[in-house]
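The next block holds one structure in the form of structure tokens; read it before the comments.
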Amino acid sequence: MSGRGDSEISETGEEQHAESAQDVENVEEVEKVEDLEDLEDPDDPEYVARRARWTAAGSGALLALAGLAAAVLRVTGSAPALVPAAYAFGAGFCAFAALLGSRGRTRRALWVLVAGVMVMAFGDQFD
């Protein structure tokens, strides 16, 4: 005697067999996918576009943070006022590039990112 009531034993042998057959099929499907690369094809245009968006947004955000940090460091130092302003303006360009990149405008984001870095580099020449 198992100690369970009749209401707890609702599955018949056929229902248990059907559920175990489904479990076996699910396990076989999981085993077919050996690697994550099987799920995402690197040549797939959607995958390439997603990677380009993440790259543009990530590099824009990183350069914007670096520009803001440089602007804060230059403000506290003895540099002319044009230097931190150029860093902050270039960081603004890079933040805009990150926004463009996240919305799928990766070519424009690249050019805006280059312009932002050039503004920061040009401003650094006044130091």
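Letters for chains follow the order of the structure tokens (A, B, ...), residue numbers begin at 1 for each chain, and ligand numbers begin at 1 in the order shown.
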
Report as a list in words all protein, DNA and RNA residues lying within 10 Å of Leu82 (chain A), evaluated on only C-alpha atoms, omitting residues in the same chain fewer than 5 positions from it.
Arg74, Val75, Tyr87, Ala88, Gly123, Asp124, Phe126 and Asp127 of chain A

Interatomic distance between CA of Leu99 (chain A) and CA of Ser59 (chain A)?
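About the pair CA of Leu99 (chain A) and CA of Ser59 (chain A): they are 10.9 Å apart.
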
So, with only C-alpha atoms as the atoms that count, which of A:Ala69, A:Val48, A:Leu100, A:Leu63 lies closest to Met118 (chain A)?
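Going through A:Ala69, A:Val48, A:Leu100, A:Leu63 one by one, the smallest distance to Met118 (chain A) is for A:Leu63.
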
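Shell of Ser102 (chain A) at 8 Å, with only C-alpha atoms counted and residues fewer than 5 places along the chain excluded, is Arg53, Trp54, Ala56 and Ala57 of chain A.
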
Take the selection from the previous step and output its residues with C-alpha atoms, as a compact mmCIF listing (two decimals), in the first residue's frame.
```
# COMPACT_ATOMS: atom_id res chain seq x y z
CA ARG A 53 23.94 47.33 -33.77
CA TRP A 54 25.46 46.03 -30.54
CA ALA A 56 27.94 50.52 -32.68
CA ALA A 57 25.93 51.10 -29.52
```

Quick one: of A:Ala86, A:Ala97, A:Ala91, A:Ala79, who's nearest to Phe122 (chain A), counting only C-alpha atoms?
A:Ala86

Residues near Phe96 (chain A), cut-off 10 Å, only C-alpha atoms, skip fewer than 4 positions along chain, as a ChimeraX atom specification:
/A:57,60-61,64,90-92,100-102,109,112-113,116

Could those selected residues go to a file with all heavy atoms, as a short mmCIF file (atom, residue, chain, number, x, y, z; two decimals), in the first residue's frame?
```cif
data_model
loop_
_atom_site.label_atom_id
_atom_site.label_comp_id
_atom_site.auth_asym_id
_atom_site.auth_seq_id
_atom_site.Cartn_x
_atom_site.Cartn_y
_atom_site.Cartn_z
N ALA A 57 26.46 50.55 -30.77
CA ALA A 57 25.93 51.10 -29.52
C ALA A 57 26.95 50.98 -28.38
O ALA A 57 27.14 51.92 -27.61
CB ALA A 57 24.63 50.41 -29.14
N GLY A 60 30.00 53.35 -29.01
CA GLY A 60 29.58 54.74 -28.80
C GLY A 60 29.44 55.08 -27.33
O GLY A 60 29.88 56.13 -26.88
N ALA A 61 28.82 54.18 -26.59
CA ALA A 61 28.66 54.41 -25.15
C ALA A 61 30.00 54.43 -24.43
O ALA A 61 30.25 55.27 -23.56
CB ALA A 61 27.75 53.34 -24.55
N ALA A 64 31.79 57.64 -25.27
CA ALA A 64 31.13 58.76 -24.62
C ALA A 64 31.54 58.84 -23.15
O ALA A 64 31.82 59.93 -22.63
CB ALA A 64 29.61 58.64 -24.76
N GLY A 90 32.75 66.15 -27.96
CA GLY A 90 33.03 64.86 -28.62
C GLY A 90 32.30 63.72 -27.94
O GLY A 90 31.82 62.79 -28.61
N ALA A 91 32.19 63.76 -26.61
CA ALA A 91 31.43 62.73 -25.89
C ALA A 91 29.96 62.79 -26.26
O ALA A 91 29.29 61.75 -26.37
CB ALA A 91 31.61 62.91 -24.39
N GLY A 92 29.45 63.99 -26.48
CA GLY A 92 28.07 64.14 -26.93
C GLY A 92 27.86 63.52 -28.30
O GLY A 92 26.85 62.86 -28.56
N LEU A 100 22.17 56.26 -32.38
CA LEU A 100 21.95 55.87 -33.78
C LEU A 100 22.21 54.38 -33.98
O LEU A 100 21.46 53.69 -34.69
CB LEU A 100 22.85 56.68 -34.71
CG LEU A 100 22.47 58.12 -34.96
CD1 LEU A 100 23.55 58.79 -35.81
CD2 LEU A 100 21.13 58.22 -35.65
N GLY A 101 23.28 53.88 -33.39
CA GLY A 101 23.63 52.47 -33.55
C GLY A 101 22.60 51.54 -32.95
O GLY A 101 22.30 50.49 -33.51
N SER A 102 22.03 51.93 -31.83
CA SER A 102 21.03 51.07 -31.20
C SER A 102 19.73 51.04 -32.00
O SER A 102 18.96 50.10 -31.89
CB SER A 102 20.74 51.54 -29.78
OG SER A 102 20.07 52.78 -29.79
N ALA A 109 26.09 55.96 -37.57
CA ALA A 109 26.69 55.91 -36.23
C ALA A 109 28.21 55.85 -36.32
O ALA A 109 28.91 56.49 -35.53
CB ALA A 109 26.15 54.72 -35.45
N VAL A 112 29.47 59.38 -37.24
CA VAL A 112 29.32 60.30 -36.11
C VAL A 112 30.33 59.95 -35.02
O VAL A 112 30.89 60.83 -34.36
CB VAL A 112 27.86 60.28 -35.58
CG1 VAL A 112 27.73 61.07 -34.30
CG2 VAL A 112 26.92 60.82 -36.64
N LEU A 113 30.58 58.66 -34.83
CA LEU A 113 31.57 58.21 -33.85
C LEU A 113 32.96 58.70 -34.23
O LEU A 113 33.71 59.21 -33.37
CB LEU A 113 31.54 56.69 -33.76
CG LEU A 113 32.18 56.03 -32.58
CD1 LEU A 113 31.44 56.39 -31.32
CD2 LEU A 113 32.15 54.52 -32.77
N GLY A 116 33.15 62.40 -33.52
CA GLY A 116 33.28 62.66 -32.09
C GLY A 116 34.69 62.45 -31.58
O GLY A 116 35.23 63.25 -30.80
#
```

Quick one: distance from CA of Leu73 (chain A) to CA of Phe93 (chain A) in Å, one decimal?
18.8 Å

Interatomic distance, CA of Arg50 (chain A) to CA of Gly67 (chain A) (Å, one decimal):
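Value for the CA of Arg50 (chain A)-CA of Gly67 (chain A) distance: 25.6 Å.
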
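Residue nearest Ala95 (chain A), chosen from A:Val119, A:Leu68, A:Pro80, A:Gln125 and counting only C-alpha atoms: A:Leu68.
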